[in-house]
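This report concerns only the one structure given below.
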Amino acid sequence: MAPCVLCLRNDRPMTREHVIARWLVIKLRGGRLTPADEGTAERIGRVITSVCAECNAGWMSVLEMSFRSAMFGRPREGAIQPQDRVTLSRWFAKTAILLAQARGHRLAGLPGDARLATGMPDELEVFIARRRRPPQRLDYTIEAASEGVRSVSILVDDVVGHVATRGVLTSGHGTRLWPLRSHTLRWETLPVVTSLRSS
């Protein structure tokens, strides 16, 4: 049995997991959406992979609720609080790792144990930006490389999260969300990108 990509355990039953949760697909009316530039007809809400039942029903479920609250629980204005910065970083990282796995790859340079169950892997960087009037409110793109997936960009409403191992992303992908920085991040002043593949 293959180990769970998130905890590396192979002694737990595996479950099928929708990479983009049903609640988010419904909220953003994404049931018929396909990735805009991935060249696939597979609907975003139907991208499935396998994770262990313990991760799926445990910390991943808690993370989904925290992400929902951080993104949609109040207007996205003012400072992005440190706890929300961690939640957003973990959700974008988890989703990026699972999107890569669903395509039969792994995020290049990421060690086996992603450590997302308890926090963020030190090897990952997450950048965040806004996209004004995106053509669809739920989207993703995967940038492949010879050694695996170079980076993953995920659009949720008008917020774009770019995930890769350290040193791959640049300021053209937004402002760094993870590792946490001491300066204040504000929703209103996030950089604007025009494409998920911003460079």
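Identifiers in this document derive from the order of the structure tokens: chains are assigned A, B, ..., residues are numbered from 1 separately in each chain, and ligands are numbered from 1 in order of occurrence.
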
Which residues in range 73-168 of chain A does DSSP call helix (DSSP H, G or I)? List them as a ChimeraX atom specification.
/A:82-102

Include N, CA and C atoms and write out the residues we just selected as a compact mmCIF listing (two decimals), in the first residue's frame.
```txt
# COMPACT_ATOMS: atom_id res chain seq x y z
N PRO A 82 -1.88 37.03 11.94
CA PRO A 82 -0.90 35.94 11.86
C PRO A 82 -1.52 34.55 11.81
N GLN A 83 -2.58 34.29 12.61
CA GLN A 83 -3.18 32.97 12.58
C GLN A 83 -3.84 32.68 11.23
N ASP A 84 -4.39 33.72 10.58
CA ASP A 84 -4.96 33.55 9.25
C ASP A 84 -3.86 33.34 8.21
N ARG A 85 -2.72 33.97 8.41
CA ARG A 85 -1.59 33.79 7.49
C ARG A 85 -1.12 32.34 7.52
N VAL A 86 -1.08 31.76 8.72
CA VAL A 86 -0.68 30.35 8.84
C VAL A 86 -1.74 29.46 8.19
N THR A 87 -3.01 29.73 8.47
CA THR A 87 -4.10 28.93 7.89
C THR A 87 -4.07 28.98 6.37
N LEU A 88 -3.94 30.19 5.81
CA LEU A 88 -3.90 30.33 4.35
C LEU A 88 -2.69 29.60 3.77
N SER A 89 -1.53 29.74 4.41
CA SER A 89 -0.32 29.07 3.94
C SER A 89 -0.50 27.56 3.94
N ARG A 90 -1.02 27.02 5.03
CA ARG A 90 -1.21 25.56 5.13
C ARG A 90 -2.22 25.06 4.11
N TRP A 91 -3.33 25.81 3.91
CA TRP A 91 -4.35 25.35 2.97
C TRP A 91 -3.81 25.37 1.55
N PHE A 92 -3.15 26.47 1.15
CA PHE A 92 -2.59 26.53 -0.20
C PHE A 92 -1.53 25.44 -0.39
N ALA A 93 -0.70 25.20 0.63
CA ALA A 93 0.34 24.16 0.53
C ALA A 93 -0.29 22.77 0.41
N LYS A 94 -1.25 22.47 1.26
CA LYS A 94 -1.93 21.17 1.21
C LYS A 94 -2.58 20.95 -0.14
N THR A 95 -3.26 21.96 -0.65
CA THR A 95 -3.95 21.85 -1.92
C THR A 95 -2.96 21.68 -3.07
N ALA A 96 -1.85 22.41 -3.02
CA ALA A 96 -0.81 22.30 -4.05
C ALA A 96 -0.21 20.89 -4.07
N ILE A 97 0.10 20.36 -2.91
CA ILE A 97 0.68 19.01 -2.82
C ILE A 97 -0.30 17.98 -3.38
N LEU A 98 -1.59 18.12 -3.06
CA LEU A 98 -2.59 17.15 -3.53
C LEU A 98 -2.87 17.31 -5.03
N LEU A 99 -2.85 18.54 -5.55
CA LEU A 99 -3.02 18.73 -6.99
C LEU A 99 -1.86 18.09 -7.75
N ALA A 100 -0.64 18.26 -7.26
CA ALA A 100 0.51 17.62 -7.90
C ALA A 100 0.37 16.11 -7.86
N GLN A 101 -0.04 15.57 -6.71
CA GLN A 101 -0.21 14.12 -6.58
C GLN A 101 -1.30 13.61 -7.52
N ALA A 102 -2.38 14.35 -7.65
CA ALA A 102 -3.48 13.95 -8.53
C ALA A 102 -3.03 13.85 -9.98
```

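If only C-alpha atoms are the atoms counted, then among A:His18, A:Arg197, A:Arg76, A:His183 the closest residue to Thr170 in chain A is A:Arg197.
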
Which residue gives the smallest distance to Gly104 in chain A among A:Glu64, A:Val149, A:Ala53, A:Leu138, with only C-alpha atoms counted?
A:Val149

Using only C-alpha atoms, find the one residue out of A:Ala2, A:Ile128, A:Ala36, A:Ile20 that sits nearest to Leu185 in chain A.
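Closest to Leu185 in chain A, using only C-alpha atoms: A:Ile128.
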
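Neighbouring residues of Tyr140 in chain A at 10 Å or closer, counting only C-alpha atoms and skipping chain neighbours under 2 positions away, are Thr34, Pro35, Ala36, Asp37, Glu38, Ile44, Thr95, Ala96, Leu99, Leu138, Ile142, Val152, Ser153, Ile154, Leu155, Val156, Val160, Gly161, His162, Leu196 and Arg197 of chain A.
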
Looking only at the backbone, which of the residues in range 39-170 of chain A does DSSP tag as strand (DSSP E or B), as JSON, numbers by chain?
{"A": [48, 49, 50, 51, 52, 79, 107, 124, 125, 126, 127, 128, 129, 130, 138, 139, 140, 141, 142, 143, 144, 145, 148, 149, 150, 151, 152, 153, 154, 155, 156, 159, 160, 161, 162, 163, 164, 165]}

Within 12 Å of Asp11 in chain A, counting only C-alpha atoms, which residues qualify if same-chain residues fewer than 6 places away don't, as a PyMOL selection string?
chain A and resi 1-4+51-54

Store the residues picked out above in a file with N, CA and C atoms, as a JSON list (two decimals), in the first residue's frame.
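The file below, result-v1.json, is the result:
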```
[["chain", "number", "residue", "atom", "x", "y", "z"],
["A", 1, "MET", "N", 0.84, -1.18, 0.00],
["A", 1, "MET", "CA", 0.00, 0.00, 0.00],
["A", 1, "MET", "C", 0.89, 1.25, 0.00],
["A", 2, "ALA", "N", 0.58, 2.21, -0.86],
["A", 2, "ALA", "CA", 1.36, 3.45, -0.93],
["A", 2, "ALA", "C", 1.09, 4.29, 0.31],
["A", 3, "PRO", "N", 2.10, 4.98, 0.82],
["A", 3, "PRO", "CA", 1.87, 5.81, 2.00],
["A", 3, "PRO", "C", 1.06, 7.06, 1.67],
["A", 4, "CYS", "N", 0.45, 7.62, 2.68],
["A", 4, "CYS", "CA", -0.27, 8.88, 2.55],
["A", 4, "CYS", "C", 0.76, 9.97, 2.22],
["A", 51, "VAL", "N", -5.66, 10.09, 0.32],
["A", 51, "VAL", "CA", -4.97, 10.41, 1.56],
["A", 51, "VAL", "C", -5.48, 9.44, 2.61],
["A", 52, "CYS", "N", -4.76, 9.31, 3.71],
["A", 52, "CYS", "CA", -5.21, 8.38, 4.73],
["A", 52, "CYS", "C", -6.45, 8.92, 5.44],
["A", 53, "ALA", "N", -7.24, 8.01, 5.97],
["A", 53, "ALA", "CA", -8.49, 8.39, 6.64],
["A", 53, "ALA", "C", -8.23, 9.29, 7.84],
["A", 54, "GLU", "N", -7.11, 9.07, 8.52],
["A", 54, "GLU", "CA", -6.81, 9.87, 9.71],
["A", 54, "GLU", "C", -6.54, 11.33, 9.34]]
```

Of the residues A:Ser146, A:Arg74, A:Ala164, A:Ala117, which is the one nearest to Val62 in chain A, using only C-alpha atoms?
A:Ala117

CA of Pro121 in chain A to CA of Cys7 in chain A, distance in Å rounded to a single decimal:
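Distance between the two atoms: 11.9 Å.
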
Residue contacts of Val192 in chain A (6 Å, only C-alpha atoms) excluding same-chain residues fewer than 4 positions away, as a ChimeraX atom specification:
/A:129-131

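Among the candidates A:Val25, A:Ile48, A:Trp187, A:Leu107, the residue lying nearest to Ala145 in chain A is A:Leu107 (atoms considered: only C-alpha atoms).
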